[in-house]
>>> print(open('input_35.tsv').read())   # TSV, C-alpha atoms
chain	number	residue	atom	x	y	z
A	156	MET	CA	-8.58	-3.78	31.29
A	157	ALA	CA	-5.86	-3.18	28.74
A	158	THR	CA	-7.90	-2.80	25.57
A	159	ASN	CA	-5.76	0.00	24.16
A	160	ILE	CA	-2.06	-0.27	24.90
A	161	GLY	CA	0.53	2.11	23.47
A	162	MET	CA	3.57	0.84	21.61
A	163	MET	CA	5.85	2.12	24.38
A	164	ASP	CA	3.97	0.23	27.06
A	165	SER	CA	5.92	-2.23	29.18
A	166	ALA	CA	3.79	-5.05	27.77
A	167	TYR	CA	5.65	-4.85	24.46
A	168	PHE	CA	9.01	-5.36	26.15
A	169	VAL	CA	8.24	-8.86	27.39
A	170	GLY	CA	10.62	-11.46	25.95
A	171	ARG	CA	9.72	-14.42	23.76
A	172	ASN	CA	10.66	-17.00	26.37
A	173	GLU	CA	8.38	-15.43	28.94
A	174	ILE	CA	5.50	-15.35	26.45
A	175	LEU	CA	6.07	-18.98	25.49
A	176	SER	CA	6.28	-20.18	29.08
A	177	TRP	CA	3.09	-18.28	29.90
A	178	ILE	CA	1.20	-19.84	26.96
A	179	ASN	CA	2.48	-23.35	27.64
A	180	SER	CA	1.78	-23.21	31.36
A	181	THR	CA	-1.69	-21.70	30.95
A	182	LEU	CA	-2.93	-23.93	28.12
A	183	HIS	CA	-0.66	-26.98	28.68
A	184	LEU	CA	0.97	-26.73	25.27
A	185	ASN	CA	4.45	-27.37	23.90
A	186	LEU	CA	4.97	-24.36	21.67
A	187	SER	CA	8.62	-23.74	20.82
A	188	LYS	CA	8.04	-20.56	18.80
A	189	VAL	CA	5.66	-17.67	19.23
A	190	GLU	CA	4.73	-17.76	15.54
A	191	GLU	CA	3.21	-21.22	16.07
A	192	ALA	CA	0.23	-19.35	17.54
A	193	CYS	CA	-0.55	-17.81	14.14
A	194	THR	CA	-3.56	-20.11	13.66
A	195	GLY	CA	-5.64	-18.06	16.13
A	196	ALA	CA	-6.70	-21.12	18.18
A	197	VAL	CA	-4.35	-20.22	21.05
A	198	GLN	CA	-5.82	-16.72	21.30
A	199	CYS	CA	-9.35	-18.12	21.32
A	200	GLN	CA	-8.55	-20.52	24.15
A	201	LEU	CA	-6.83	-17.79	26.16
A	202	MET	CA	-10.00	-15.70	25.91
A	203	ASP	CA	-11.97	-18.81	26.93
A	204	ALA	CA	-9.78	-19.13	30.01
A	205	VAL	CA	-10.29	-15.50	30.99
A	206	HIS	CA	-13.98	-15.28	30.03
A	207	PRO	CA	-15.52	-18.74	30.51
A	208	GLY	CA	-18.48	-19.41	28.25
A	209	MET	CA	-17.87	-16.45	25.94
A	210	VAL	CA	-15.95	-18.37	23.27
A	211	PRO	CA	-17.76	-20.97	21.16
A	212	MET	CA	-15.00	-23.56	21.36
A	213	HIS	CA	-16.80	-25.91	18.95
A	214	LYS	CA	-16.00	-23.40	16.18
A	215	VAL	CA	-12.28	-23.25	16.98
A	216	ASN	CA	-10.03	-25.36	14.74
A	217	PHE	CA	-6.83	-26.39	16.53
A	218	ASP	CA	-5.58	-28.15	13.40
A	219	ALA	CA	-5.85	-25.09	11.12
A	220	LYS	CA	-3.21	-25.19	8.40
A	221	SER	CA	-4.57	-23.19	5.48
A	222	GLU	CA	-5.14	-19.46	5.60
A	223	TYR	CA	-8.88	-19.95	5.19
A	224	GLU	CA	-9.06	-22.11	8.33
A	225	MET	CA	-6.94	-19.61	10.27
A	226	ILE	CA	-9.19	-16.74	9.19
A	227	GLN	CA	-12.20	-18.65	10.55
A	228	ASN	CA	-10.51	-18.83	13.97
A	229	TYR	CA	-9.81	-15.11	13.92
A	230	LYS	CA	-13.45	-14.47	13.03
A	231	VAL	CA	-14.42	-16.31	16.20
A	232	LEU	CA	-11.92	-14.20	18.14
A	233	GLN	CA	-13.25	-10.99	16.57
A	234	ASP	CA	-16.81	-11.91	17.53
A	235	VAL	CA	-15.66	-12.37	21.12
A	236	PHE	CA	-13.94	-8.97	21.03
A	237	ASN	CA	-17.14	-7.40	19.74
A	238	LYS	CA	-19.20	-9.00	22.50
A	239	LEU	CA	-16.77	-7.76	25.15
A	240	LYS	CA	-16.50	-4.32	23.43
A	241	ILE	CA	-12.75	-4.70	22.98
A	242	THR	CA	-11.46	-2.16	20.45
A	243	LYS	CA	-8.21	-3.98	19.67
A	244	HIS	CA	-7.64	-4.24	15.90
A	245	ILE	CA	-6.65	-7.75	14.76
A	246	GLU	CA	-4.30	-7.62	11.78
A	247	VAL	CA	-5.31	-11.01	10.42
A	248	ASN	CA	-3.43	-10.71	7.12
A	249	LYS	CA	-0.14	-10.25	8.98
A	250	LEU	CA	-0.73	-12.82	11.70
A	251	ILE	CA	-1.63	-15.71	9.38
A	252	LYS	CA	1.66	-15.20	7.51
A	253	GLY	CA	3.46	-16.51	10.59
A	254	ARG	CA	5.79	-13.54	10.97
A	255	PRO	CA	7.56	-13.68	14.34
A	256	LEU	CA	7.38	-9.98	15.18
A	257	ASP	CA	3.67	-9.56	14.38
A	258	ASN	CA	2.67	-12.63	16.38
A	259	LEU	CA	4.94	-11.65	19.26
A	260	GLU	CA	3.36	-8.20	19.53
A	261	PHE	CA	-0.15	-9.63	19.48
A	262	MET	CA	0.67	-12.24	22.12
A	263	GLN	CA	2.27	-9.52	24.25
A	264	TRP	CA	-1.01	-7.66	24.07
A	265	MET	CA	-2.91	-10.86	24.95
A	266	LYS	CA	-0.74	-11.41	28.02
A	267	ARG	CA	-1.28	-7.85	29.17
A	268	TYR	CA	-5.03	-8.23	28.69
A	269	CYS	CA	-5.19	-11.55	30.54
A	270	ASP	CA	-3.07	-10.18	33.37
A	271	GLY	CA	-5.70	-7.51	33.89
A	272	PHE	CA	-8.20	-10.11	35.19
A	273	ASN	CA	-7.88	-11.73	38.63
A	274	GLY	CA	-4.30	-10.55	38.93
A	275	GLY	CA	-3.25	-12.68	35.99
A	276	THR	CA	-4.21	-15.96	37.69
A	277	ILE	CA	-6.58	-18.37	35.92
A	278	ASN	CA	-8.20	-20.74	38.39
A	279	ASN	CA	-9.93	-24.08	37.74
A	280	TYR	CA	-9.40	-24.02	34.00
A	281	ASN	CA	-8.80	-27.40	32.38
A	282	ALA	CA	-7.29	-26.63	29.00
A	283	LEU	CA	-7.04	-30.27	27.97
A	284	GLU	CA	-10.70	-30.90	28.65
A	285	ARG	CA	-11.78	-27.75	26.78
A	286	ARG	CA	-9.79	-28.88	23.73
A	287	GLU	CA	-11.04	-32.43	23.84
A	288	GLY	CA	-13.63	-33.14	21.18
A	289	ARG	CA	-12.76	-30.02	19.16
A	290	LYS	CA	-11.34	-30.21	15.67
A	291	GLY	CA	-7.65	-31.02	16.05
A	292	GLY	CA	-7.90	-30.90	19.86
A	293	LYS	CA	-7.00	-34.57	20.40
A	294	GLU	CA	-3.81	-34.26	18.36
A	295	VAL	CA	-2.79	-31.16	20.31
A	296	ASN	CA	-3.48	-32.92	23.62
A	297	LYS	CA	-1.38	-35.91	22.52
A	298	LYS	CA	1.52	-33.66	21.69
A	299	SER	CA	1.27	-31.85	25.01
A	300	ALA	CA	0.73	-35.07	27.06
A	301	PRO	CA	4.44	-36.01	27.45
A	302	SER	CA	5.15	-32.76	29.20
A	303	GLN	CA	2.50	-33.38	31.86
A	304	PRO	CA	4.02	-36.47	33.59
A	305	SER	CA	7.35	-34.76	33.87
A	306	ALA	CA	5.71	-31.89	35.68
A	307	LYS	CA	3.87	-34.29	38.00
A	308	THR	CA	6.97	-36.32	38.82
A	309	SER	CA	9.05	-33.24	39.44
A	310	ALA	CA	6.52	-31.84	41.88
A	311	PRO	CA	6.74	-34.51	44.66
A	312	ALA	CA	10.53	-34.27	44.83
A	313	PRO	CA	10.63	-31.37	47.33
A	314	LYS	CA	8.25	-33.27	49.65
A	315	HIS	CA	10.62	-36.22	50.04
A	316	ALA	CA	13.56	-33.92	50.34
A	317	SER	CA	11.99	-31.90	53.11
A	318	HIS	CA	12.46	-34.79	55.60
A	319	ASN	CA	16.24	-34.54	55.45
A	320	GLY	CA	16.39	-31.25	57.32
A	321	ARG	CA	19.29	-28.90	56.73
A	322	ARG	CA	20.93	-30.97	54.03
A	323	THR	CA	18.13	-30.20	51.63
A	324	ASP	CA	18.26	-26.45	52.20
A	325	THR	CA	21.50	-25.84	50.36
A	326	PRO	CA	20.60	-27.75	47.18
A	327	HIS	CA	17.23	-26.00	47.12
A	328	THR	CA	18.82	-22.56	47.35
A	329	THR	CA	21.43	-23.41	44.75
A	330	THR	CA	18.78	-24.55	42.31
A	331	ASN	CA	16.84	-21.33	42.82
A	332	GLN	CA	19.98	-19.30	42.26
A	333	SER	CA	20.77	-21.26	39.12
A	334	VAL	CA	17.30	-20.59	37.79
A	335	LYS	CA	17.57	-16.90	38.57
A	336	THR	CA	20.95	-16.64	36.88
A	337	ALA	CA	19.73	-18.61	33.88
A	338	ARG	CA	16.82	-16.29	33.19
A	339	PRO	CA	18.84	-13.20	32.18
A	340	SER	CA	20.98	-15.28	29.82
A	341	SER	CA	17.92	-16.83	28.17
A	342	SER	CA	16.16	-13.48	27.91
A	343	GLY	CA	19.23	-11.86	26.40
A	344	GLY	CA	19.03	-13.95	23.23
A	345	PRO	CA	15.49	-13.03	22.22
A	346	SER	CA	16.03	-9.39	23.10
A	347	THR	CA	19.00	-9.16	20.77
A	348	GLY	CA	17.03	-10.96	18.07
A	349	TYR	CA	14.15	-8.57	18.59
A	350	GLU	CA	16.49	-5.60	18.27
A	351	GLU	CA	17.96	-7.00	15.05
A	352	GLU	CA	14.50	-7.50	13.56
A	353	ARG	CA	13.52	-4.03	14.68
A	354	ALA	CA	16.60	-2.55	12.99
A	355	VAL	CA	15.74	-4.40	9.77
A	356	PHE	CA	12.17	-3.11	9.83
A	357	GLU	CA	13.32	0.43	10.59
A	358	LYS	CA	15.66	0.27	7.60
A	359	GLN	CA	12.80	-0.87	5.39
A	360	ILE	CA	10.62	1.95	6.73
A	361	THR	CA	13.25	4.57	5.89
A	362	GLU	CA	13.65	3.17	2.38
A	363	LEU	CA	9.90	3.27	1.85
A	364	LYS	CA	9.74	6.85	3.12
A	365	LEU	CA	12.46	7.91	0.67
A	366	SER	CA	10.66	6.24	-2.23
A	367	VAL	CA	7.41	7.91	-1.22
A	368	ASP	CA	9.12	11.33	-1.11
A	369	SER	CA	10.59	10.86	-4.58
A	370	LEU	CA	7.23	9.75	-5.97
A	371	GLU	CA	5.51	12.76	-4.44
A	372	LYS	CA	8.05	15.13	-6.01
A	373	GLU	CA	7.58	13.49	-9.41
A	374	ARG	CA	3.82	13.70	-9.02
A	375	ASP	CA	3.95	17.41	-8.15
A	376	PHE	CA	6.23	18.10	-11.13
A	377	TYR	CA	3.91	16.52	-13.68
A	378	PHE	CA	0.85	18.03	-12.02
A	379	SER	CA	2.32	21.54	-12.38
A	380	LYS	CA	2.94	20.85	-16.08
A	381	LEU	CA	-0.63	19.75	-16.62
A	382	ARG	CA	-1.87	22.79	-14.70
A	383	ASP	CA	0.10	25.08	-17.01
A	384	ILE	CA	-1.45	23.39	-20.04
A	385	GLU	CA	-4.90	23.80	-18.52
A	386	ILE	CA	-4.36	27.51	-17.91
A	387	LEU	CA	-3.13	27.96	-21.49
A	388	CYS	CA	-6.19	26.16	-22.89
A	389	GLN	CA	-8.45	28.51	-20.93
A	390	THR	CA	-7.11	31.56	-22.80
A	391	PRO	CA	-10.07	33.31	-24.54
A	392	ASP	CA	-8.24	33.67	-27.87
A	393	ILE	CA	-7.73	29.92	-28.36
A	394	GLU	CA	-10.37	28.46	-26.06
A	395	ASN	CA	-12.84	27.73	-28.88
A	396	ILE	CA	-10.36	26.02	-31.19
A	397	PRO	CA	-11.33	22.35	-31.71
A	398	VAL	CA	-7.81	21.12	-30.90
A	399	VAL	CA	-7.84	22.96	-27.59
A	400	ASP	CA	-11.25	21.49	-26.85
A	401	PHE	CA	-9.87	17.98	-27.35
A	402	ILE	CA	-6.85	18.76	-25.16
A	403	LYS	CA	-9.17	19.80	-22.34
A	404	ARG	CA	-11.22	16.67	-22.80
A	405	ILE	CA	-8.06	14.57	-22.45
A	406	LEU	CA	-7.07	16.47	-19.31
A	407	TYR	CA	-10.48	16.05	-17.68
A	408	SER	CA	-11.09	12.41	-18.67
A	409	THR	CA	-11.49	10.24	-15.56
A	410	ASP	CA	-10.87	6.84	-17.12
A	411	GLU	CA	-8.22	5.46	-19.43
A	412	ASP	CA	-10.23	5.92	-22.63
A	413	ALA	CA	-8.29	6.11	-25.88
A	414	SER	CA	-11.35	7.26	-27.85
A	415	VAL	CA	-10.70	10.92	-27.01
A	416	VAL	CA	-7.18	10.74	-28.43
A	417	ALA	CA	-8.43	8.91	-31.52
A	418	GLU	CA	-11.10	11.55	-32.12
A	419	ALA	CA	-8.53	14.32	-31.75
A	420	GLN	CA	-6.18	12.68	-34.25
A	421	ALA	CA	-9.04	12.16	-36.74
A	422	MET	CA	-10.06	15.79	-36.39
A	423	ILE	CA	-6.49	16.99	-37.00
A	424	SER	CA	-6.16	14.82	-40.12
A	425	GLU	CA	-9.46	16.18	-41.50
A	426	HIS	CA	-8.29	19.72	-40.81
A	427	GLN	CA	-5.05	19.08	-42.69
A	428	GLN	CA	-6.98	17.67	-45.66
A	429	GLN	CA	-9.15	20.78	-45.74
A	430	VAL	CA	-6.15	23.08	-45.59
A	431	LYS	CA	-4.42	21.50	-48.63
A	432	PRO	CA	-7.18	22.34	-51.20
A	433	GLU	CA	-7.31	25.91	-49.92
A	434	GLU	CA	-3.57	26.25	-50.42
A	435	ASN	CA	-3.89	24.86	-53.95
A	436	LEU	CA	-6.66	27.37	-54.71
A	437	LYS	CA	-4.52	30.23	-53.45
A	438	GLY	CA	-1.66	29.10	-55.68
A	439	ASP	CA	-3.92	28.95	-58.73
A	440	THR	CA	-5.31	32.44	-58.12
A	441	GLN	CA	-1.80	33.86	-57.76
A	442	LYS	CA	-0.77	32.24	-61.06
A	443	ARG	CA	-3.83	33.68	-62.77
A	444	LYS	CA	-3.07	37.14	-61.42
A	445	SER	CA	0.49	36.98	-62.74
A	446	ILE	CA	-0.68	35.87	-66.19
A	447	ILE	CA	-3.26	38.67	-66.36
A	448	ASN	CA	-0.65	41.25	-65.38
A	449	VAL	CA	1.66	40.10	-68.20
A	450	ASP	CA	-1.15	40.31	-70.77
A	451	VAL	CA	-2.11	43.78	-69.59
A	452	ASP	CA	1.43	45.04	-69.94
A	453	ALA	CA	1.66	43.66	-73.49
A	454	ALA	CA	-1.62	45.27	-74.47
A	455	ALA	CA	-0.50	48.56	-73.00
A	456	THR	CA	2.59	48.57	-75.13
A	457	ASN	CA	0.62	47.91	-78.32
A	458	ILE	CA	-2.00	50.60	-77.69
A	459	SER	CA	-0.64	54.18	-77.58
A	460	SER	CA	-2.27	57.61	-77.42
A	461	PRO	CA	-2.65	60.02	-80.48
A	462	ARG	CA	-0.09	62.45	-79.12
A	463	GLN	CA	2.47	59.69	-78.94
A	464	ARG	CA	1.71	58.82	-82.56
A	465	LEU	CA	2.09	62.50	-83.74
A	466	SER	CA	5.30	62.87	-81.84
A	467	GLU	CA	6.66	59.74	-83.41
A	468	ALA	CA	5.59	60.93	-86.92
A	469	SER	CA	7.18	64.37	-86.46
A	470	ASP	CA	10.35	62.71	-85.38
A	471	VAL	CA	10.33	60.71	-88.57
A	472	HIS	CA	9.73	63.77	-90.84
A	473	CYS	CA	12.46	65.73	-89.14
A	474	SER	CA	14.89	62.99	-89.64
A	475	GLU	CA	14.00	62.56	-93.35
A	476	SER	CA	13.89	66.35	-94.29
A	477	PRO	CA	16.90	67.52	-96.31
A	478	LEU	CA	16.55	71.09	-95.00
A	479	VAL	CA	17.68	71.74	-91.60
A	480	THR	CA	16.87	75.15	-90.15
A	481	TYR	CA	18.53	76.52	-87.12
>>> encode(input="input_35.tsv", output="structure tokens")
Amino acid sequence: MATNIGMMDSAYFVGRNEILSWINSTLHLNLSKVEEACTGAVQCQLMDAVHPGMVPMHKVNFDAKSEYEMIQNYKVLQDVFNKLKITKHIEVNKLIKGRPLDNLEFMQWMKRYCDGFNGGTINNYNALERREGRKGGKEVNKKSAPSQPSAKTSAPAPKHASHNGRRTDTPHTTTNQSVKTARPSSSGGPSTGYEEERAVFEKQITELKLSVDSLEKERDFYFSKLRDIEILCQTPDIENIPVVDFIKRILYSTDEDASVVAEAQAMISEHQQQVKPEENLKGDTQKRKSIINVDVDAAATNISSPRQRLSEASDVHCSESPLVTY
């Protein structure tokens, strides 16, 4: 059983045409695109063909159009996987979008899984009958009905031709050769389309990787800055300052709360208002000191010692005496 298949497995190199022919022949459908199987109903019926009785077909909606209805089909498929202990992850969100590559990969996995039972042959399975009576099953059977008569009418042709002997051998061989030669040409188209889609997705992956690298560098840059601020705030000399405390609270806040910033701004404004009166008081005290110093100097000039007075008086007498002795 192919429950876990690597991306380099040969199952993922099967072309679209082969997948479509396998689905249409097994379930008697007329799918023209692989992404038409995005509803999940096709996958459920394939599991019903491989494991009869395991899929509750009455819960499968073959006329699912909205994403909700498609998700319900995939829930049925997931329940079947759980019962069978299949560890394949179903990417429902991608499949319901109808992307060709995602649906192709999942159907490639489905084919590989179904081929693991009974050599890939499903015997005595009536797909039309199993769909009949289900939601949207009649409409699907009506759409697939025109393809059935053509298959029945084309089948008896070799029987009538076999009576002609040798004449019928050459046309039969030529038709087989034409079919064989037609297959590589038909498979070449989808393979080139698959390669183009793969190149587009690889380009998108590289662009996403580059954007992720740039974002990681920017993240590391700003984280280093914040780490430097944290180390600075843990310095013992400034650790107990209220502003530093608020900075640490902003750094360690887990939610986008502006109350911490508002509290810090209010605290800074209060601190500035307290600093202004102190500066005014310092200015007043300095003015008072200067005034006192001026008054002291004036008083010192007015008050002199007795010696200074005697010396001044002697100077006056000497200057006024008419006798000058040498």
>>> atom_distance(input="input_35.tsv", atom1="CA of Glu294 (chain A)", atom2="CA of Phe261 (chain A)")
24.9 Å
>>> residues_near_point(input="input_35.tsv", point="(-10.0, -18.1, 28.9)", cutoff="12 Å", atoms="only C-alpha atoms", output="compact mmCIF listing (two decimals) with C-alpha atoms, in the frame of the given file")
# COMPACT_ATOMS: atom_id res chain seq x y z
CA ILE A 178 1.20 -19.84 26.96
CA THR A 181 -1.69 -21.70 30.95
CA LEU A 182 -2.93 -23.93 28.12
CA ALA A 196 -6.70 -21.12 18.18
CA VAL A 197 -4.35 -20.22 21.05
CA GLN A 198 -5.82 -16.72 21.30
CA CYS A 199 -9.35 -18.12 21.32
CA GLN A 200 -8.55 -20.52 24.15
CA LEU A 201 -6.83 -17.79 26.16
CA MET A 202 -10.00 -15.70 25.91
CA ASP A 203 -11.97 -18.81 26.93
CA ALA A 204 -9.78 -19.13 30.01
CA VAL A 205 -10.29 -15.50 30.99
CA HIS A 206 -13.98 -15.28 30.03
CA PRO A 207 -15.52 -18.74 30.51
CA GLY A 208 -18.48 -19.41 28.25
CA MET A 209 -17.87 -16.45 25.94
CA VAL A 210 -15.95 -18.37 23.27
CA PRO A 211 -17.76 -20.97 21.16
CA MET A 212 -15.00 -23.56 21.36
CA LEU A 232 -11.92 -14.20 18.14
CA VAL A 235 -15.66 -12.37 21.12
CA MET A 265 -2.91 -10.86 24.95
CA LYS A 266 -0.74 -11.41 28.02
CA TYR A 268 -5.03 -8.23 28.69
CA CYS A 269 -5.19 -11.55 30.54
CA ASP A 270 -3.07 -10.18 33.37
CA PHE A 272 -8.20 -10.11 35.19
CA ASN A 273 -7.88 -11.73 38.63
CA GLY A 275 -3.25 -12.68 35.99
CA THR A 276 -4.21 -15.96 37.69
CA ILE A 277 -6.58 -18.37 35.92
CA ASN A 278 -8.20 -20.74 38.39
CA ASN A 279 -9.93 -24.08 37.74
CA TYR A 280 -9.40 -24.02 34.00
CA ASN A 281 -8.80 -27.40 32.38
CA ALA A 282 -7.29 -26.63 29.00
CA ARG A 285 -11.78 -27.75 26.78
CA ARG A 286 -9.79 -28.88 23.73
>>> residues_around(input="input_35.tsv", residues="Glu222 (chain A)", least_positions_apart="3", cutoff="10 Å", atoms="all atoms listed in the file", output="list of chain:residue names")
A:Cys193, A:Thr194, A:Ala219, A:Met225, A:Ile226, A:Gln227, A:Asn228, A:Val247, A:Asn248, A:Ile251, A:Lys252
>>> axis_aligned_box(input="input_35.tsv", around="region 228-233 of chain A", padding_each_side="4 Å", output="lines of an AutoDock Vina configuration file")
center_x = -12.1
center_y = -14.9
center_z = 15.6
size_x = 12.6
size_y = 15.8
size_z = 13.1
>>> closest_residue(input="input_35.tsv", among="A:Asn258, A:Lys240, A:Phe168, A:Arg289", to="His213 (chain A)", atoms="only C-alpha atoms")
A:Arg289
>>> atom_distance(input="input_35.tsv", atom1="CA of Glu173 (chain A)", atom2="CA of Lys238 (chain A)")
29.0 Å
>>> atom_distance(input="input_35.tsv", atom1="CA of Arg171 (chain A)", atom2="CA of Lys364 (chain A)")
29.6 Å
>>> decode(input="input_35.tsv", residues="region 265-291 of chain A", atoms="N, CA and C atoms", output="short mmCIF file (atom, residue, chain, number, x, y, z; two decimals), in the first residue's frame")
data_model
loop_
_atom_site.label_atom_id
_atom_site.label_comp_id
_atom_site.auth_asym_id
_atom_site.auth_seq_id
_atom_site.Cartn_x
_atom_site.Cartn_y
_atom_site.Cartn_z
N MET A 265 -3.68 9.18 -5.55
CA MET A 265 -4.83 8.28 -5.53
C MET A 265 -4.64 7.13 -6.50
N LYS A 266 -4.10 7.43 -7.68
CA LYS A 266 -3.88 6.35 -8.66
C LYS A 266 -2.85 5.36 -8.14
N ARG A 267 -1.80 5.87 -7.53
CA ARG A 267 -0.77 4.97 -7.00
C ARG A 267 -1.35 4.11 -5.88
N TYR A 268 -2.21 4.71 -5.06
CA TYR A 268 -2.82 3.93 -3.97
C TYR A 268 -3.75 2.87 -4.51
N CYS A 269 -4.60 3.24 -5.48
CA CYS A 269 -5.54 2.27 -6.05
C CYS A 269 -4.83 1.17 -6.82
N ASP A 270 -3.71 1.51 -7.44
CA ASP A 270 -2.95 0.48 -8.17
C ASP A 270 -2.33 -0.54 -7.24
N GLY A 271 -2.23 -0.19 -5.96
CA GLY A 271 -1.64 -1.13 -5.00
C GLY A 271 -2.58 -2.25 -4.60
N PHE A 272 -3.86 -2.19 -4.99
CA PHE A 272 -4.83 -3.23 -4.65
C PHE A 272 -5.23 -3.99 -5.91
N ASN A 273 -5.15 -5.31 -5.83
CA ASN A 273 -5.58 -6.21 -6.92
C ASN A 273 -4.89 -5.88 -8.24
N GLY A 274 -3.66 -5.41 -8.17
CA GLY A 274 -2.93 -5.10 -9.38
C GLY A 274 -3.49 -3.93 -10.16
N GLY A 275 -4.25 -3.08 -9.47
CA GLY A 275 -4.83 -1.92 -10.13
C GLY A 275 -6.11 -2.19 -10.87
N THR A 276 -6.64 -3.43 -10.80
CA THR A 276 -7.89 -3.76 -11.49
C THR A 276 -9.04 -3.74 -10.50
N ILE A 277 -10.14 -3.10 -10.89
CA ILE A 277 -11.33 -3.01 -10.05
C ILE A 277 -12.44 -3.82 -10.73
N ASN A 278 -12.80 -4.91 -10.11
CA ASN A 278 -13.75 -5.84 -10.73
C ASN A 278 -15.15 -5.65 -10.15
N ASN A 279 -16.14 -5.82 -11.02
CA ASN A 279 -17.56 -5.83 -10.63
C ASN A 279 -17.95 -4.57 -9.86
N TYR A 280 -17.48 -3.45 -10.31
CA TYR A 280 -17.87 -2.19 -9.66
C TYR A 280 -18.71 -1.38 -10.63
N ASN A 281 -19.94 -1.13 -10.28
CA ASN A 281 -20.87 -0.37 -11.11
C ASN A 281 -20.91 1.06 -10.58
N ALA A 282 -20.15 1.93 -11.21
CA ALA A 282 -20.07 3.31 -10.74
C ALA A 282 -21.37 4.05 -10.91
N LEU A 283 -22.08 3.78 -12.01
CA LEU A 283 -23.35 4.46 -12.24
C LEU A 283 -24.39 4.10 -11.19
N GLU A 284 -24.43 2.85 -10.83
CA GLU A 284 -25.39 2.40 -9.83
C GLU A 284 -25.05 2.97 -8.45
N ARG A 285 -23.76 3.07 -8.13
CA ARG A 285 -23.36 3.59 -6.82
C ARG A 285 -23.66 5.09 -6.72
N ARG A 286 -23.65 5.79 -7.85
CA ARG A 286 -23.98 7.21 -7.82
C ARG A 286 -25.47 7.48 -7.86
N GLU A 287 -26.22 6.52 -8.35
CA GLU A 287 -27.66 6.72 -8.49
C GLU A 287 -28.31 6.90 -7.12
N GLY A 288 -29.16 7.89 -7.01
CA GLY A 288 -29.84 8.15 -5.76
C GLY A 288 -29.05 9.04 -4.81
N ARG A 289 -27.78 9.34 -5.13
CA ARG A 289 -27.01 10.26 -4.29
C ARG A 289 -27.27 11.69 -4.73
N LYS A 290 -26.89 12.62 -3.92
CA LYS A 290 -27.12 14.03 -4.24
C LYS A 290 -26.24 14.43 -5.43
N GLY A 291 -26.89 14.80 -6.53
CA GLY A 291 -26.17 15.17 -7.74
C GLY A 291 -25.73 13.99 -8.57
#
